[in-house]
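S.K.: Below you'll find the structure I mean.
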Amino acid sequence: MNKISKAGRQAGYAAMASGALGFALGGFFDGILLHQILQWHHLLSGLPQAAADLRFLILTDGLFHLAMYLVAALGLLWLWRGRAAVLAPAAGRLGLAWGLIGFGSWHITDALLSHWLLGIHRIRMDSDMPLVWDILWLCLFGLAPALLGVWLKRGGRGSGFHAAPLALAAITVAAGAVQAFPQASEGLVVVLFRSGMDETGVMAAIAAVDGSLVGRDPSGTLWAVALPEGGPASSLYAHGALVVSGAGLPAGCLDYTRPDEA
């Protein structure tokens, strides 16, 4: 009885780990693709007062990403506690199934809560038909993966992928690393200076590191700066910068700010 109970607990932890890692991976997928690369929305782009303050949008995106890190960390903890069940028969199929269910669950939750109940953002904020994009995204990345996961869980094909939970953990950790430390253009960084710092102070800070101004966003919040070859981006922190892309600090949302918007 004790052996059966222990094995059941191990299997339960492995299943919860895969679900949590899949959920976090869904959040990282949205953050990297929609917030950073495509820049279709920020977390609170649907709220007019928040949308007018780029600093606040970046802050809330950062809090969202932090929440995904916590979910991923919980998944890794559960994976460790259920490690004995990871290589058991059918563990690969069940791990993949729960990972897909978790991934789809994130997008279903986001659609129902963020898009329609709270209205804090839509998939494409610049679209004349936001509902079409919401439904398309929900079907492709929410319902389809979740239903595939349910099918696998009930005995569908896929049992040959024995290391699915471990692979899912590796992919999620990699996505989290990309989220935190995306690659900036060589020699070009995007800088968020402290509140209240005027243009004279910003230009003095850029000059202090031998950089040159490339551009800025219309609000004067984000500044694109070209650094000399070998110039450490982190040196800007000594001159009033709060966040510098590519300077060893998680600043994903800034690394993917388009130069023509800066």
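By order in the structure tokens, chains are A, B, ...; within a chain, residues start at 1; ligands start at 1, following the order shown.
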List every residue of segment 101-147 of chain A that DSSP, applied to the backbone of this structure, places in alpha helix (DSSP H), and write the result as a PyMOL selection string.

M.R.: chain A and resi 101-109+130-138+144-147

S.K.: Compile the contact shell of Trp40 of chain A as a PyMOL selection string: residues with an atom at most 8 Å away, counting only C-alpha atoms, same-chain residues fewer than 4 positions apart removed.

M.R.: chain A and resi 34-35+123-126

S.K.: May I ask which of the residues A:Leu118, A:Leu222, A:Val214, A:Ala180 is the closest one to Leu47 of chain A, counting only C-alpha atoms?

M.R.: A:Leu118

S.K.: Write out as a PyMOL selection string each polymer residue whose atoms come within 6 Å of segment 102-105 of chain A, counting only C-alpha atoms; drop sequence neighbours fewer than 6 positions from it.

M.R.: chain A and resi 19+22-23+26+141-142+145-146

S.K.: Name all residues at most 7 Å from Pro165 of chain A (count only C-alpha atoms; drop same-chain ones fewer than 4 positions away) and give them as a list in words.

M.R.: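 Contacts, with the query itself left out: Ser18, Val86, Gly92, Gly95, Leu96 and Ala169 of chain A.
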
S.K.: The selected residues should be written to file as a tab-separated table (two decimals), in the first residue's frame (atoms: N, CA, C and O atoms).

M.R.:
chain	number	residue	atom	x	y	z
A	18	SER	N	4.47	18.90	-15.37
A	18	SER	CA	4.31	19.09	-16.81
A	18	SER	C	3.25	20.14	-17.11
A	18	SER	O	3.41	20.98	-18.00
A	86	VAL	N	9.36	9.96	-13.75
A	86	VAL	CA	9.56	10.56	-15.07
A	86	VAL	C	9.85	9.51	-16.14
A	86	VAL	O	9.40	9.64	-17.28
A	92	GLY	N	6.22	9.48	-20.67
A	92	GLY	CA	6.43	10.41	-21.77
A	92	GLY	C	5.13	10.90	-22.36
A	92	GLY	O	4.94	12.11	-22.57
A	95	GLY	N	3.40	13.10	-19.76
A	95	GLY	CA	4.10	14.37	-19.61
A	95	GLY	C	3.82	15.31	-20.76
A	95	GLY	O	3.55	16.50	-20.57
A	96	LEU	N	3.87	14.76	-21.98
A	96	LEU	CA	3.55	15.57	-23.15
A	96	LEU	C	2.10	16.03	-23.12
A	96	LEU	O	1.79	17.18	-23.44
A	169	ALA	N	10.82	20.71	-19.49
A	169	ALA	CA	11.52	21.56	-18.53
A	169	ALA	C	12.65	22.32	-19.21
A	169	ALA	O	12.84	23.53	-18.98

S.K.: Using the chain letters and numbers from this document, which residues of segment 24-201 of chain A does DSSP assign to strand (DSSP E), as a PyMOL selection string?

M.R.: chain A and resi 188-193

S.K.: In Å, with one decimal, what is the gap from atom CA of Leu21 of chain A to atom CA of Trp80 of chain A?

M.R.: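 Atom CA of Leu21 of chain A sits 12.5 Å away from atom CA of Trp80 of chain A.
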
S.K.: Have a look at A:Ala24, A:Ala17, A:Ala144, A:Ala88 and name the one nearest to Gln179 of chain A; count only C-alpha atoms.

M.R.: A:Ala24

S.K.: Tell me, in Å to one decimal, how far atom CA of Tyr13 of chain A is from atom CA of Leu143 of chain A.

M.R.: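 Separation between atom CA of Tyr13 of chain A and atom CA of Leu143 of chain A: 24.2 Å.
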
S.K.: Env of Ile120 of chain A: 9 Å cut, atoms = only C-alpha atoms, seq-sep filter 3 positions within chain, self excluded. Answer as a CSV table (one decimal) with N, CA, C and O atoms, in the first residue's frame.

M.R.:
chain,number,residue,atom,x,y,z
A,43,LEU,N,0.7,44.0,-21.6
A,43,LEU,CA,-0.3,43.4,-20.7
A,43,LEU,C,-1.5,44.3,-20.5
A,43,LEU,O,-2.6,43.8,-20.5
A,44,LEU,N,-1.3,45.6,-20.4
A,44,LEU,CA,-2.4,46.5,-20.1
A,44,LEU,C,-2.7,47.5,-21.2
A,44,LEU,O,-3.2,48.6,-21.0
A,45,SER,N,-2.4,47.1,-22.4
A,45,SER,CA,-2.6,48.0,-23.6
A,45,SER,C,-4.1,48.4,-23.8
A,45,SER,O,-4.4,49.4,-24.4
A,46,GLY,N,-5.0,47.6,-23.2
A,46,GLY,CA,-6.4,47.9,-23.4
A,46,GLY,C,-7.0,48.9,-22.5
A,46,GLY,O,-8.1,49.4,-22.6
A,47,LEU,N,-6.2,49.4,-21.5
A,47,LEU,CA,-6.6,50.4,-20.5
A,47,LEU,C,-6.0,51.7,-20.9
A,47,LEU,O,-4.8,51.9,-20.9
A,113,LEU,N,-10.1,35.7,-19.6
A,113,LEU,CA,-9.9,36.7,-18.5
A,113,LEU,C,-9.4,38.0,-19.1
A,113,LEU,O,-10.1,39.1,-18.9
A,114,SER,N,-8.3,38.0,-19.8
A,114,SER,CA,-7.7,39.3,-20.2
A,114,SER,C,-8.4,39.9,-21.4
A,114,SER,O,-8.5,41.1,-21.4
A,115,HIS,N,-8.8,39.1,-22.4
A,115,HIS,CA,-9.4,39.7,-23.6
A,115,HIS,C,-10.8,40.1,-23.4
A,115,HIS,O,-11.2,41.2,-23.9
A,116,TRP,N,-11.6,39.2,-22.8
A,116,TRP,CA,-13.1,39.4,-22.8
A,116,TRP,C,-13.7,39.9,-21.5
A,116,TRP,O,-14.6,40.7,-21.5
A,117,LEU,N,-13.2,39.3,-20.4
A,117,LEU,CA,-13.8,39.7,-19.1
A,117,LEU,C,-13.3,41.0,-18.6
A,117,LEU,O,-14.0,41.9,-18.2

S.K.: Figure out the distance between atom CA of Ala205 of chain A and atom CA of Ala238 of chain A, please, to one decimal in Å.

M.R.: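 Those two atoms sit 8.6 Å apart.
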